[in-house]
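Asker: Got a structure for you, written out below as structure tokens; questions coming shortly.
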Amino acid sequence: QALGHHLAYGGKHVSDFETREDKANLKRMGIPVYAPLADGEKINKLKSKSLLQHRFSQSSSHGSRSTVDVVFMSLWFWSTTPIPEDFIPLVRSLTPKAKIIILTDDVHHYRMSLMSTDRTQIEKTKSRELAIYHASDVIASITSEDGSRIIADLTNRFDRVPSVHHLPCIRC
């Protein structure tokens, strides 16, 4: 908010990691909450559209922004269909000027290669993961090693590589 962006929160599922108090705190800070955005694994397009087309009534000191201009998504492969896989096409169709930032906690296909010998599954995950990164505007990695690995993988497959940034660990 300090940078002039209005915030809204959308969660794919109701999670054990978020409490009613978390959502109440967001609302107290003036952040609209749209969650859950999915019915099981299926994305509820009407709820998602409401989030992406939210109209912010207030203007900021950095000028007036009334629609979504940045969408921040986390990438997680381990338990569900990754959020960006479902939402990037929807974001691009409803808010084509919005910048998409992917936060990745891991290079998933690399970690999978350390834990499994199933080359077919590893390559499938790698293709999906790199497609998500390629479709974004900015990638935020937790470690510089992950960021370097992502850049190398993308450079080997695509002409255009999104901007990759390492986020320093705040509470390590």
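Within each chain, counting starts at residue 1; across the structure tokens, chains are named A, B, ... in the order shown, with ligands numbered 1 upward in that order.
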I'd like the contact shell of Asp86 (chain A) - 10 Å cut-off, only C-alpha atoms, skipping same-chain residues fewer than 4 positions apart - returned as an mmCIF file with C-alpha atoms, in the first residue's frame.
Answerer:
data_model
loop_
_atom_site.group_PDB
_atom_site.id
_atom_site.type_symbol
_atom_site.label_atom_id
_atom_site.label_comp_id
_atom_site.auth_asym_id
_atom_site.auth_seq_id
_atom_site.Cartn_x
_atom_site.Cartn_y
_atom_site.Cartn_z
ATOM 1 C CA LYS A 12 -7.858 -20.609 -3.824
ATOM 2 C CA GLU A 41 -10.105 -28.179 -7.462
ATOM 3 C CA LYS A 42 -12.408 -26.344 -9.872
ATOM 4 C CA ILE A 43 -11.896 -22.586 -10.046
ATOM 5 C CA THR A 81 -3.097 -27.846 -9.035
ATOM 6 C CA PRO A 82 -0.774 -24.824 -8.884
ATOM 7 C CA LEU A 90 -7.875 -15.589 -16.291
ATOM 8 C CA VAL A 91 -5.725 -12.641 -15.178
ATOM 9 C CA ILE A 132 4.162 -20.806 -15.492
#
Asker: List as a list in words the protein and nucleic acid residues near region 32-35 of chain A, meaning an atom at most 9 Å away when only C-alpha atoms are counted, but skip any in the same chain fewer than 3 places from it.
Answerer: Leu7, Ala8, Tyr9, Gly10, Gly11, Lys12, His13, Val14, Lys23, Ala24, Leu26, Lys27, Met29, Ala38, Lys47, Ser48, Ser50, Leu51 and His54 of chain A
Asker: Go ahead and save the picked residues with N, CA, C and O atoms, as an mmCIF file, in the first residue's frame.
Answerer:
data_model
loop_
_atom_site.group_PDB
_atom_site.id
_atom_site.type_symbol
_atom_site.label_atom_id
_atom_site.label_comp_id
_atom_site.auth_asym_id
_atom_site.auth_seq_id
_atom_site.Cartn_x
_atom_site.Cartn_y
_atom_site.Cartn_z
ATOM 1 N N LEU A 7 -4.646 -3.123 -2.271
ATOM 2 C CA LEU A 7 -4.521 -4.568 -2.137
ATOM 3 C C LEU A 7 -5.877 -5.241 -2.010
ATOM 4 O O LEU A 7 -6.791 -4.700 -1.406
ATOM 5 N N ALA A 8 -5.967 -6.431 -2.572
ATOM 6 C CA ALA A 8 -7.102 -7.328 -2.368
ATOM 7 C C ALA A 8 -6.515 -8.714 -2.228
ATOM 8 O O ALA A 8 -5.481 -9.029 -2.825
ATOM 9 N N TYR A 9 -7.134 -9.558 -1.414
ATOM 10 C CA TYR A 9 -6.630 -10.908 -1.175
ATOM 11 C C TYR A 9 -7.601 -11.923 -1.758
ATOM 12 O O TYR A 9 -8.811 -11.849 -1.531
ATOM 13 N N GLY A 10 -7.045 -12.877 -2.504
ATOM 14 C CA GLY A 10 -7.840 -13.988 -3.009
ATOM 15 C C GLY A 10 -7.115 -15.283 -2.721
ATOM 16 O O GLY A 10 -5.943 -15.424 -3.054
ATOM 17 N N GLY A 11 -7.772 -16.207 -2.073
ATOM 18 C CA GLY A 11 -7.186 -17.509 -1.784
ATOM 19 C C GLY A 11 -7.944 -18.597 -2.508
ATOM 20 O O GLY A 11 -9.180 -18.571 -2.559
ATOM 21 N N LYS A 12 -7.211 -19.539 -3.067
ATOM 22 C CA LYS A 12 -7.858 -20.609 -3.824
ATOM 23 C C LYS A 12 -8.735 -21.480 -2.931
ATOM 24 O O LYS A 12 -9.837 -21.845 -3.286
ATOM 25 N N HIS A 13 -8.212 -21.817 -1.768
ATOM 26 C CA HIS A 13 -8.935 -22.664 -0.821
ATOM 27 C C HIS A 13 -8.923 -22.031 0.553
ATOM 28 O O HIS A 13 -8.097 -21.173 0.843
ATOM 29 N N VAL A 14 -9.812 -22.489 1.390
ATOM 30 C CA VAL A 14 -9.703 -22.162 2.805
ATOM 31 C C VAL A 14 -8.631 -23.093 3.337
ATOM 32 O O VAL A 14 -8.657 -24.290 3.107
ATOM 33 N N LYS A 23 -8.114 -13.186 8.126
ATOM 34 C CA LYS A 23 -8.988 -12.494 7.176
ATOM 35 C C LYS A 23 -9.590 -11.243 7.794
ATOM 36 O O LYS A 23 -9.702 -10.205 7.136
ATOM 37 N N ALA A 24 -9.948 -11.324 9.074
ATOM 38 C CA ALA A 24 -10.489 -10.147 9.765
ATOM 39 C C ALA A 24 -9.439 -9.038 9.823
ATOM 40 O O ALA A 24 -9.760 -7.858 9.640
ATOM 41 N N LEU A 26 -7.005 -8.528 7.666
ATOM 42 C CA LEU A 26 -6.913 -7.948 6.321
ATOM 43 C C LEU A 26 -8.050 -6.957 6.095
ATOM 44 O O LEU A 26 -7.836 -5.849 5.596
ATOM 45 N N LYS A 27 -9.247 -7.359 6.464
ATOM 46 C CA LYS A 27 -10.410 -6.475 6.280
ATOM 47 C C LYS A 27 -10.268 -5.195 7.097
ATOM 48 O O LYS A 27 -10.613 -4.115 6.620
ATOM 49 N N MET A 29 -7.585 -3.694 7.752
ATOM 50 C CA MET A 29 -6.604 -2.852 7.053
ATOM 51 C C MET A 29 -7.166 -2.314 5.740
ATOM 52 O O MET A 29 -6.465 -1.648 4.985
ATOM 53 N N ALA A 38 -12.138 -21.318 -5.189
ATOM 54 C CA ALA A 38 -12.306 -22.619 -5.845
ATOM 55 C C ALA A 38 -13.334 -23.438 -5.089
ATOM 56 O O ALA A 38 -13.508 -23.297 -3.880
ATOM 57 N N LYS A 47 -16.341 -15.886 -8.849
ATOM 58 C CA LYS A 47 -15.634 -15.306 -7.700
ATOM 59 C C LYS A 47 -14.292 -14.727 -8.134
ATOM 60 O O LYS A 47 -13.897 -13.656 -7.685
ATOM 61 N N SER A 48 -13.586 -15.436 -8.986
ATOM 62 C CA SER A 48 -12.279 -14.962 -9.455
ATOM 63 C C SER A 48 -12.422 -13.671 -10.255
ATOM 64 O O SER A 48 -11.626 -12.747 -10.112
ATOM 65 N N SER A 50 -14.755 -11.483 -9.864
ATOM 66 C CA SER A 50 -15.055 -10.420 -8.898
ATOM 67 C C SER A 50 -13.776 -9.863 -8.283
ATOM 68 O O SER A 50 -13.628 -8.655 -8.105
ATOM 69 N N LEU A 51 -12.839 -10.745 -7.946
ATOM 70 C CA LEU A 51 -11.555 -10.306 -7.384
ATOM 71 C C LEU A 51 -10.783 -9.478 -8.407
ATOM 72 O O LEU A 51 -10.321 -8.376 -8.115
ATOM 73 N N HIS A 54 -12.272 -6.046 -9.145
ATOM 74 C CA HIS A 54 -12.581 -5.221 -7.973
ATOM 75 C C HIS A 54 -12.260 -3.766 -8.292
ATOM 76 O O HIS A 54 -11.215 -3.464 -8.846
#
Asker: To one decimal in Å, tell me the separation between CA of His6 (chain A) and CA of Trp76 (chain A).
Answerer: 25.0 Å
Asker: Show me, as a count of residues only, the residues that have an atom within 10 Å of region 109-123 of chain A when counting only C-alpha atoms, minus same-chain residues fewer than 5 positions from it.
Answerer: 8
Asker: Considering only C-alpha atoms, state which residue in the set A:Val161, A:Ile88, A:Leu94, A:Ile100 is at the smallest distance from Gly147 (chain A).
Answerer: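 Result for the nearest residue to Gly147 (chain A): A:Val161.
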Asker: In Å, rounded to a single decimal, give me how far CA of Leu75 (chain A) is from CA of Asp22 (chain A).
Answerer: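 These two atoms are separated by 20.7 Å.
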Asker: Quick one: distance from CA of Ala135 (chain A) to CA of Thr95 (chain A) in Å, one decimal?
Answerer: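 Result for CA of Ala135 (chain A) versus CA of Thr95 (chain A): 14.1 Å, one decimal.
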Asker: When DSSP is applied to the backbone of this structure, which of chain A are assigned strand (DSSP E)? Write them out as JSON, numbers by chain.
Answerer: {"A": [9, 10, 33, 34, 38, 39, 42, 43, 70, 71, 72, 73, 74, 75, 99, 100, 101, 102, 103, 104, 138, 139, 140, 141, 163, 164, 165, 166]}
Asker: Could you tell me, as a ChimeraX atom specification, which residues of region 81-171 of chain A DSSP assigns to alpha helix (DSSP H) when given the backbone?
Answerer: /A:83-94,108-115,119-135,144-157
Asker: Which of these residues is nearest to Thr143 (chain A), using only C-alpha atoms: A:Val164, A:Leu46, A:Ile102, A:Leu37?
Answerer: A:Val164
Asker: Using only C-alpha atoms, pick whichever of A:Pro84, A:Gly30, A:Pro89, A:Pro96 has the shortest atom-to-atom distance to Tyr133 (chain A).
Answerer: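 Closest residue, counting only C-alpha atoms: A:Pro84.
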